[in-house]
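Peer 1: Structure: target_14.tsv, TSV, C-alpha atoms.
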chain	number	residue	atom	x	y	z
A	1	MET	CA	42.46	44.03	9.65
A	2	ARG	CA	39.71	45.28	11.79
A	3	LEU	CA	36.50	43.96	13.30
A	4	THR	CA	33.37	45.75	12.14
A	5	HIS	CA	31.76	48.47	14.24
A	6	PHE	CA	28.81	46.06	14.49
A	7	THR	CA	30.96	43.44	16.25
A	8	ASP	CA	32.59	46.08	18.44
A	9	LEU	CA	29.20	47.37	19.62
A	10	SER	CA	27.84	43.85	19.99
A	11	LEU	CA	30.63	42.92	22.38
A	12	ARG	CA	30.19	46.13	24.35
A	13	LEU	CA	26.43	45.71	24.63
A	14	LEU	CA	26.86	42.13	25.86
A	15	MET	CA	29.50	43.23	28.37
A	16	TYR	CA	27.18	45.93	29.63
A	17	LEU	CA	24.42	43.38	30.26
A	18	ALA	CA	26.94	41.03	31.88
A	19	ILE	CA	27.99	43.54	34.51
A	20	LYS	CA	24.61	45.03	35.42
A	21	SER	CA	23.53	43.54	38.71
A	22	ASP	CA	19.91	43.07	37.63
A	23	GLY	CA	21.06	41.94	34.17
A	24	LEU	CA	18.53	44.23	32.51
A	25	ALA	CA	19.08	47.31	30.36
A	26	THR	CA	17.25	49.37	27.77
A	27	ILE	CA	18.70	50.36	24.41
A	28	GLN	CA	18.32	54.01	25.42
A	29	GLU	CA	20.37	53.46	28.56
A	30	VAL	CA	23.20	51.64	26.75
A	31	ALA	CA	23.25	54.24	23.97
A	32	GLU	CA	23.65	57.00	26.53
A	33	ARG	CA	26.36	55.20	28.52
A	34	TYR	CA	28.45	54.54	25.45
A	35	GLY	CA	27.58	57.72	23.60
A	36	VAL	CA	26.54	55.82	20.49
A	37	SER	CA	23.58	56.15	18.16
A	38	ARG	CA	20.35	54.56	19.38
A	39	ASN	CA	19.46	53.47	15.86
A	40	HIS	CA	22.73	51.67	15.38
A	41	LEU	CA	22.34	49.98	18.74
A	42	MET	CA	18.86	48.82	17.76
A	43	LYS	CA	20.29	47.02	14.75
A	44	VAL	CA	22.98	45.47	16.92
A	45	THR	CA	20.31	44.32	19.37
A	46	GLN	CA	18.23	42.76	16.60
A	47	GLY	CA	21.32	40.81	15.55
A	48	LEU	CA	22.10	39.66	19.06
A	49	VAL	CA	18.49	38.52	19.56
A	50	LYS	CA	18.59	36.66	16.24
A	51	TYR	CA	21.90	34.97	17.10
A	52	GLY	CA	20.57	33.84	20.47
A	53	PHE	CA	22.71	35.97	22.79
A	54	VAL	CA	20.07	38.39	24.02
A	55	THR	CA	16.36	38.39	24.81
A	56	SER	CA	14.30	41.50	24.42
A	57	THR	CA	11.03	42.05	26.28
A	58	ARG	CA	8.59	44.91	25.90
A	59	GLY	CA	6.70	46.85	28.51
A	60	ASN	CA	7.41	48.80	31.64
A	61	LYS	CA	9.77	46.28	33.16
A	62	GLY	CA	11.08	45.16	29.82
A	63	GLY	CA	14.47	45.52	28.27
A	64	LEU	CA	17.43	43.50	27.14
A	65	ARG	CA	18.93	40.55	28.97
A	66	LEU	CA	21.58	37.95	28.23
A	67	GLN	CA	19.91	34.78	27.06
A	68	ARG	CA	22.51	32.68	28.93
A	69	PRO	CA	24.83	33.38	31.85
A	70	SER	CA	27.89	35.41	30.88
A	71	THR	CA	30.07	32.43	31.82
A	72	GLU	CA	28.47	30.50	28.96
A	73	ILE	CA	28.89	33.04	26.17
A	74	ARG	CA	32.22	32.61	24.41
A	75	VAL	CA	33.79	35.68	22.81
A	76	GLY	CA	34.72	33.57	19.78
A	77	ASP	CA	31.08	32.65	19.20
A	78	VAL	CA	29.99	36.29	19.39
A	79	VAL	CA	32.64	37.33	16.86
A	80	ARG	CA	31.78	34.42	14.55
A	81	ALA	CA	28.10	35.40	14.63
A	82	THR	CA	28.40	39.16	14.30
A	83	GLU	CA	31.36	39.51	11.96
A	84	ASP	CA	29.92	39.25	8.48
A	85	ASP	CA	33.13	39.11	6.50
A	86	PHE	CA	35.83	36.54	7.16
A	87	ARG	CA	36.93	36.48	3.53
A	88	LEU	CA	40.42	37.62	4.39
A	89	VAL	CA	41.47	38.14	0.80
A	90	GLU	CA	39.69	38.17	-2.55
A	91	CYS	CA	40.15	34.47	-3.25
A	92	PHE	CA	37.98	33.56	-0.25
A	93	GLU	CA	34.98	34.66	-2.30
A	94	ALA	CA	33.78	31.48	-3.95
A	95	GLY	CA	33.43	31.90	-7.68
A	96	ARG	CA	34.20	35.60	-7.59
A	97	SER	CA	37.98	35.63	-7.49
A	98	SER	CA	39.87	36.74	-10.55
A	99	CYS	CA	43.23	35.62	-9.20
A	100	THR	CA	45.03	33.44	-11.70
A	101	LEU	CA	47.13	31.85	-8.96
A	102	LEU	CA	44.12	30.28	-7.31
A	103	PRO	CA	44.48	26.67	-8.48
A	104	ALA	CA	48.01	26.38	-7.11
A	105	CYS	CA	48.21	28.83	-4.24
A	106	ARG	CA	48.60	28.08	-0.54
A	107	LEU	CA	47.86	31.59	0.68
A	108	LYS	CA	44.20	30.87	1.33
A	109	SER	CA	44.92	27.85	3.50
A	110	VAL	CA	47.64	29.69	5.43
A	111	LEU	CA	45.35	32.65	6.11
A	112	GLY	CA	42.59	30.22	7.05
A	113	GLU	CA	44.90	28.58	9.57
A	114	ALA	CA	45.81	31.99	11.02
A	115	LEU	CA	42.12	32.91	11.32
A	116	ALA	CA	41.43	29.63	13.12
A	117	ALA	CA	44.21	30.48	15.61
A	118	TYR	CA	42.67	33.94	16.12
A	119	LEU	CA	39.24	32.51	16.88
A	120	ALA	CA	40.70	29.75	19.05
A	121	VAL	CA	42.09	32.41	21.39
A	122	LEU	CA	38.70	34.15	21.56
A	123	ASP	CA	37.07	30.80	22.33
A	124	ARG	CA	39.13	30.58	25.50
A	125	TYR	CA	37.33	33.62	26.92
A	126	THR	CA	33.75	34.17	27.97
A	127	LEU	CA	31.90	37.42	28.52
A	128	GLU	CA	32.52	36.89	32.21
A	129	ASP	CA	36.29	36.86	31.60
A	130	LEU	CA	36.08	40.21	29.82
A	131	THR	CA	34.37	41.86	32.74
A	132	VAL	CA	36.46	40.51	35.60
A	133	PRO	CA	37.41	42.23	37.81
A	134	ASN	CA	33.99	43.74	37.41
A	135	HIS	CA	34.00	46.16	40.29
A	136	PRO	CA	36.02	48.93	38.63
A	137	MET	CA	33.96	48.46	35.48
A	138	ARG	CA	30.74	48.89	37.38
A	139	ARG	CA	32.13	52.04	38.92
A	140	VAL	CA	33.08	53.35	35.51
A	141	LEU	CA	29.54	52.78	34.33
A	142	GLY	CA	28.04	54.32	37.45
A	143	LEU	CA	26.59	51.02	38.57
A	144	PRO	CA	27.42	50.90	42.25
A	145	GLU	CA	25.58	47.78	43.38
A	146	ALA	CA	27.59	44.60	43.78
A	147	ARG	CA	26.36	41.69	41.73
A	148	ALA	CA	25.25	38.60	43.64
A	149	ALA	CA	28.01	35.99	43.56
B	1	MET	CA	37.61	41.02	9.53
B	2	ARG	CA	39.44	41.34	6.32
B	3	LEU	CA	42.93	42.18	5.13
B	4	THR	CA	43.12	45.27	2.94
B	5	HIS	CA	43.25	45.02	-0.84
B	6	PHE	CA	46.72	46.54	-0.50
B	7	THR	CA	47.95	43.58	1.57
B	8	ASP	CA	46.21	41.12	-0.72
B	9	LEU	CA	47.95	42.56	-3.79
B	10	SER	CA	51.26	42.87	-1.95
B	11	LEU	CA	51.26	39.16	-1.16
B	12	ARG	CA	50.31	38.27	-4.72
B	13	LEU	CA	52.99	40.48	-6.24
B	14	LEU	CA	55.64	38.97	-3.97
B	15	MET	CA	54.45	35.46	-4.81
B	16	TYR	CA	54.65	36.27	-8.50
B	17	LEU	CA	58.27	37.39	-8.13
B	18	ALA	CA	59.02	34.32	-6.03
B	19	ILE	CA	57.91	31.88	-8.69
B	20	LYS	CA	59.38	33.55	-11.78
B	21	SER	CA	62.51	31.65	-12.76
B	22	ASP	CA	64.51	34.82	-13.49
B	23	GLY	CA	63.01	36.55	-10.47
B	24	LEU	CA	62.28	39.67	-12.51
B	25	ALA	CA	58.96	41.20	-13.51
B	26	THR	CA	57.51	44.51	-14.62
B	27	ILE	CA	54.48	46.15	-13.09
B	28	GLN	CA	52.76	45.99	-16.46
B	29	GLU	CA	53.30	42.24	-16.66
B	30	VAL	CA	51.99	41.56	-13.15
B	31	ALA	CA	48.99	43.85	-13.71
B	32	GLU	CA	48.08	41.90	-16.85
B	33	ARG	CA	48.54	38.47	-15.25
B	34	TYR	CA	46.33	39.34	-12.32
B	35	GLY	CA	43.92	41.58	-14.20
B	36	VAL	CA	44.41	44.43	-11.72
B	37	SER	CA	44.93	48.15	-12.17
B	38	ARG	CA	48.47	49.21	-13.04
B	39	ASN	CA	48.11	52.33	-10.92
B	40	HIS	CA	47.11	50.39	-7.86
B	41	LEU	CA	49.96	47.98	-8.39
B	42	MET	CA	52.39	50.89	-8.63
B	43	LYS	CA	51.35	52.04	-5.17
B	44	VAL	CA	51.73	48.52	-3.86
B	45	THR	CA	55.21	48.34	-5.39
B	46	GLN	CA	56.22	51.63	-3.79
B	47	GLY	CA	55.17	50.21	-0.46
B	48	LEU	CA	57.06	46.97	-0.95
B	49	VAL	CA	60.21	48.87	-1.95
B	50	LYS	CA	59.85	51.11	1.09
B	51	TYR	CA	59.36	48.14	3.43
B	52	GLY	CA	62.43	46.39	2.05
B	53	PHE	CA	60.78	43.44	0.29
B	54	VAL	CA	61.35	44.48	-3.32
B	55	THR	CA	63.96	46.34	-5.36
B	56	SER	CA	62.97	48.26	-8.44
B	57	THR	CA	65.45	49.07	-11.22
B	58	ARG	CA	64.85	51.22	-14.27
B	59	GLY	CA	65.91	50.69	-17.84
B	60	ASN	CA	65.58	48.05	-20.51
B	61	LYS	CA	66.52	45.15	-18.31
B	62	GLY	CA	64.95	46.69	-15.26
B	63	GLY	CA	61.96	45.63	-13.25
B	64	LEU	CA	60.99	44.34	-9.84
B	65	ARG	CA	62.86	41.71	-7.84
B	66	LEU	CA	62.63	40.29	-4.36
B	67	GLN	CA	65.19	41.97	-2.14
B	68	ARG	CA	65.84	38.69	-0.33
B	69	PRO	CA	65.31	35.03	-1.24
B	70	SER	CA	61.68	33.92	-0.89
B	71	THR	CA	62.75	31.52	1.86
B	72	GLU	CA	63.69	34.53	3.98
B	73	ILE	CA	60.52	36.57	3.62
B	74	ARG	CA	57.98	35.67	6.29
B	75	VAL	CA	54.30	36.11	5.48
B	76	GLY	CA	53.76	37.57	8.95
B	77	ASP	CA	56.30	40.32	8.29
B	78	VAL	CA	54.64	41.22	4.98
B	79	VAL	CA	51.23	41.47	6.62
B	80	ARG	CA	52.61	43.49	9.54
B	81	ALA	CA	54.22	45.95	7.11
B	82	THR	CA	51.42	46.32	4.58
B	83	GLU	CA	48.36	46.16	6.79
B	84	ASP	CA	47.80	49.68	8.03
B	85	ASP	CA	45.07	49.05	10.53
B	86	PHE	CA	45.42	46.57	13.35
B	87	ARG	CA	43.16	48.57	15.65
B	88	LEU	CA	40.69	45.74	15.97
B	89	VAL	CA	38.10	47.79	17.78
B	90	GLU	CA	37.62	51.46	18.57
B	91	CYS	CA	39.45	51.36	21.90
B	92	PHE	CA	42.72	50.46	20.12
B	93	GLU	CA	42.88	54.08	18.96
B	94	ALA	CA	44.94	55.84	21.59
B	95	GLY	CA	43.17	58.89	22.93
B	96	ARG	CA	40.32	58.61	20.45
B	97	SER	CA	38.09	56.07	22.10
B	98	SER	CA	34.85	57.20	23.62
B	99	CYS	CA	34.18	53.88	25.31
B	100	THR	CA	33.39	54.38	28.96
B	101	LEU	CA	34.38	50.79	29.76
B	102	LEU	CA	37.99	51.41	28.78
B	103	PRO	CA	39.60	51.72	32.22
B	104	ALA	CA	38.28	48.36	33.36
B	105	CYS	CA	37.86	46.29	30.22
B	106	ARG	CA	39.80	43.21	29.18
B	107	LEU	CA	38.50	43.10	25.61
B	108	LYS	CA	41.46	44.95	24.19
B	109	SER	CA	43.99	42.58	25.72
B	110	VAL	CA	42.01	39.51	24.64
B	111	LEU	CA	41.76	40.77	21.05
B	112	GLY	CA	45.45	41.65	21.16
B	113	GLU	CA	46.26	38.11	22.23
B	114	ALA	CA	44.14	36.73	19.38
B	115	LEU	CA	45.89	39.00	16.88
B	116	ALA	CA	49.28	37.81	18.14
B	117	ALA	CA	48.18	34.20	17.56
B	118	TYR	CA	47.05	35.13	14.04
B	119	LEU	CA	50.41	36.69	13.19
B	120	ALA	CA	52.33	33.85	14.85
B	121	VAL	CA	50.78	31.43	12.36
B	122	LEU	CA	51.77	33.68	9.45
B	123	ASP	CA	55.30	33.88	10.85
B	124	ARG	CA	55.62	30.13	10.41
B	125	TYR	CA	55.38	30.51	6.63
B	126	THR	CA	57.65	32.14	4.09
B	127	LEU	CA	56.88	33.23	0.54
B	128	GLU	CA	58.51	30.01	-0.57
B	129	ASP	CA	56.00	27.99	1.43
B	130	LEU	CA	53.10	29.77	-0.28
B	131	THR	CA	54.36	28.82	-3.71
B	132	VAL	CA	55.29	25.20	-3.10
B	133	PRO	CA	54.58	23.08	-5.01
B	134	ASN	CA	55.46	25.75	-7.50
B	135	HIS	CA	55.17	23.78	-10.71
B	136	PRO	CA	51.38	23.95	-11.07
B	137	MET	CA	51.50	27.61	-10.14
B	138	ARG	CA	54.02	28.36	-12.83
B	139	ARG	CA	51.80	26.56	-15.31
B	140	VAL	CA	48.83	28.63	-14.22
B	141	LEU	CA	50.82	31.78	-14.81
B	142	GLY	CA	52.13	30.57	-18.16
B	143	LEU	CA	55.69	30.39	-16.85
B	144	PRO	CA	56.92	27.05	-18.16
B	145	GLU	CA	60.55	27.07	-17.15
B	146	ALA	CA	61.58	25.17	-14.04
B	147	ARG	CA	63.36	27.23	-11.44
B	148	ALA	CA	66.90	26.18	-10.56
B	149	ALA	CA	66.93	24.22	-7.30
Write the structure described by the file as structure tokens, please.
Peer 2:
Amino acid sequence: MRLTHFTDLSLRLLMYLAIKSDGLATIQEVAERYGVSRNHLMKVTQGLVKYGFVTSTRGNKGGLRLQRPSTEIRVGDVVRATEDDFRLVECFEAGRSSCTLLPACRLKSVLGEALAAYLAVLDRYTLEDLTVPNHPMRRVLGLPEARAA
Amino acid sequence: MRLTHFTDLSLRLLMYLAIKSDGLATIQEVAERYGVSRNHLMKVTQGLVKYGFVTSTRGNKGGLRLQRPSTEIRVGDVVRATEDDFRLVECFEAGRSSCTLLPACRLKSVLGEALAAYLAVLDRYTLEDLTVPNHPMRRVLGLPEARAA
């Protein structure tokens, strides 16, 4: 049971934007800080723009920004949007399951309940919660300036 | 986010044993009922024997049985044993993460809390719960006899 690399990078990109004092970053900059592929990060960015978490502007002073304050972006919503496969077992795939138990099995509903509990925990946290205390994190990233309160 | 095929098959094999009135089944029989590969099911069986959920006996009257009553096998324990990868994101891998945020990031603890909530739900259910009401399920599997109460 593992989140996709796409979700992992999505969360890290959003956290990066959340802790930068000017709230602005380029893909190149984030790729370098995290040591990840620029191409992969571009795809992640496209997803985050599409899902309404990030805005991307071109030009000299352009870059990526959070579309809303980090206090308003719930971790659960990010994971719901970026994780493309919540079909925990084969029988979650409508019309594609070959399991003969299907008509009389409670496994699907039990796993569904467990997944709901998982996401409910993530819904209790915002991006802001992930990056507090943010001072050590800014230091780690080499971002010395304090963010305005 | 998806459980492995190994866990999926493990749960289905255990459920099959739980609802058979004599509690005994061969790998061949289960493979045919579910339409899955016998080889794959053999690996799953080896795992379930190793983890203490199933006993396997050879010979004419041999086969697979639950090692304990289905009321005593918690779904959470099966998933914990069979699922080999709970490293939800890269930073769960001790010493292998390249994420520069690591020293100051709360993501790992938040995801860990969500995973605990997921497993806590599964711990509330036993194999018996997954197969109740078991009559329709026995019909689906072509197992007409009622199990002794």
Peer 1: State, in Å with one decimal place, the distance from CA of Leu119 (chain B) to CA of Thr71 (chain A).
Peer 2: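 A separation of 27.9 Å between them.
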Peer 1: Which polymer residues have any atom within 12 Å of an atom of Lys43 (chain A), counting all atoms listed in the file, with same-chain residues fewer than 4 positions away left out, as a list in words?
Peer 2: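 The contact residues come out as His5, Phe6, Thr7, Leu9, Ser10, Leu13, Ile27, Ser37, Arg38, Asn39, Gly47, Leu48, Val49, Lys50 and Thr82 of chain A.
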Peer 1: Closest to Lys20 (chain A) among A:Leu66, A:Thr55, A:Glu32, A:Val78, using all atoms listed in the file?
Peer 2: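 Nearest candidate to Lys20 (chain A) out of A:Leu66, A:Thr55, A:Glu32, A:Val78: A:Leu66.
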Peer 1: For the atom pair CA of Tyr16 (chain B) and CA of Ser56 (chain B), what is the interatomic distance in Å to one decimal place?
Peer 2: 14.6 Å
Peer 1: Tell me which protein, DNA and RNA residues are within 10 Å of Ala18 (chain B), counting all atoms listed in the file, leaving out same-chain ones fewer than 3 positions away, and put them as a list in words.
Peer 2: Arg12, Leu13, Leu14, Met15, Ser21, Asp22, Gly23, Leu24, Arg65, Leu66, Arg68, Pro69, Ser70, Thr71, Leu127, Glu128, Leu130, Thr131, Asn134 and Arg147 of chain B
Peer 1: Would you please work out which residue, of A:Leu3, A:Val44, A:Val54, A:Leu64, is nearest to chain B when using all atoms listed in the file?
Peer 2: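 Residue with the minimum atom-to-atom distance to chain B: A:Leu3.
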Peer 1: My list of candidates is B:Met1, B:Ala116, B:Ile73, B:Ala81. Which is closest to chain A when distances are computed with all atoms listed in the file?
Peer 2: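 That would be B:Met1, the residue with the smallest distance to chain A.
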Peer 1: Which of these, A:Leu107, A:Gly76, A:Asp85, A:Gly112, has the shortest distance to Asp8 (chain B) once you count only C-alpha atoms?
Peer 2: A:Leu107
Peer 1: At what distance in Å, to one decimal, does CA of Gly62 (chain A) lie from CA of Arg33 (chain A)?
Peer 2: 18.3 Å
Peer 1: Using only C-alpha atoms, determine which residues lie at most 12 Å from Val110 (chain A), disregarding the query and same-chain residues fewer than 6 positions distant; provide the list as number ranges by chain.
Peer 2: A: 88-89, 92, 116-117; B: 74-76, 118-127, 129-131
Peer 1: Out of A:Leu41, A:Ala25, A:Leu17, A:Leu11, which residue has the shortest atom-to-atom distance to chain B when counting only C-alpha atoms?
Peer 2: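 Of the candidates, the smallest distance to chain B is held by A:Leu11.
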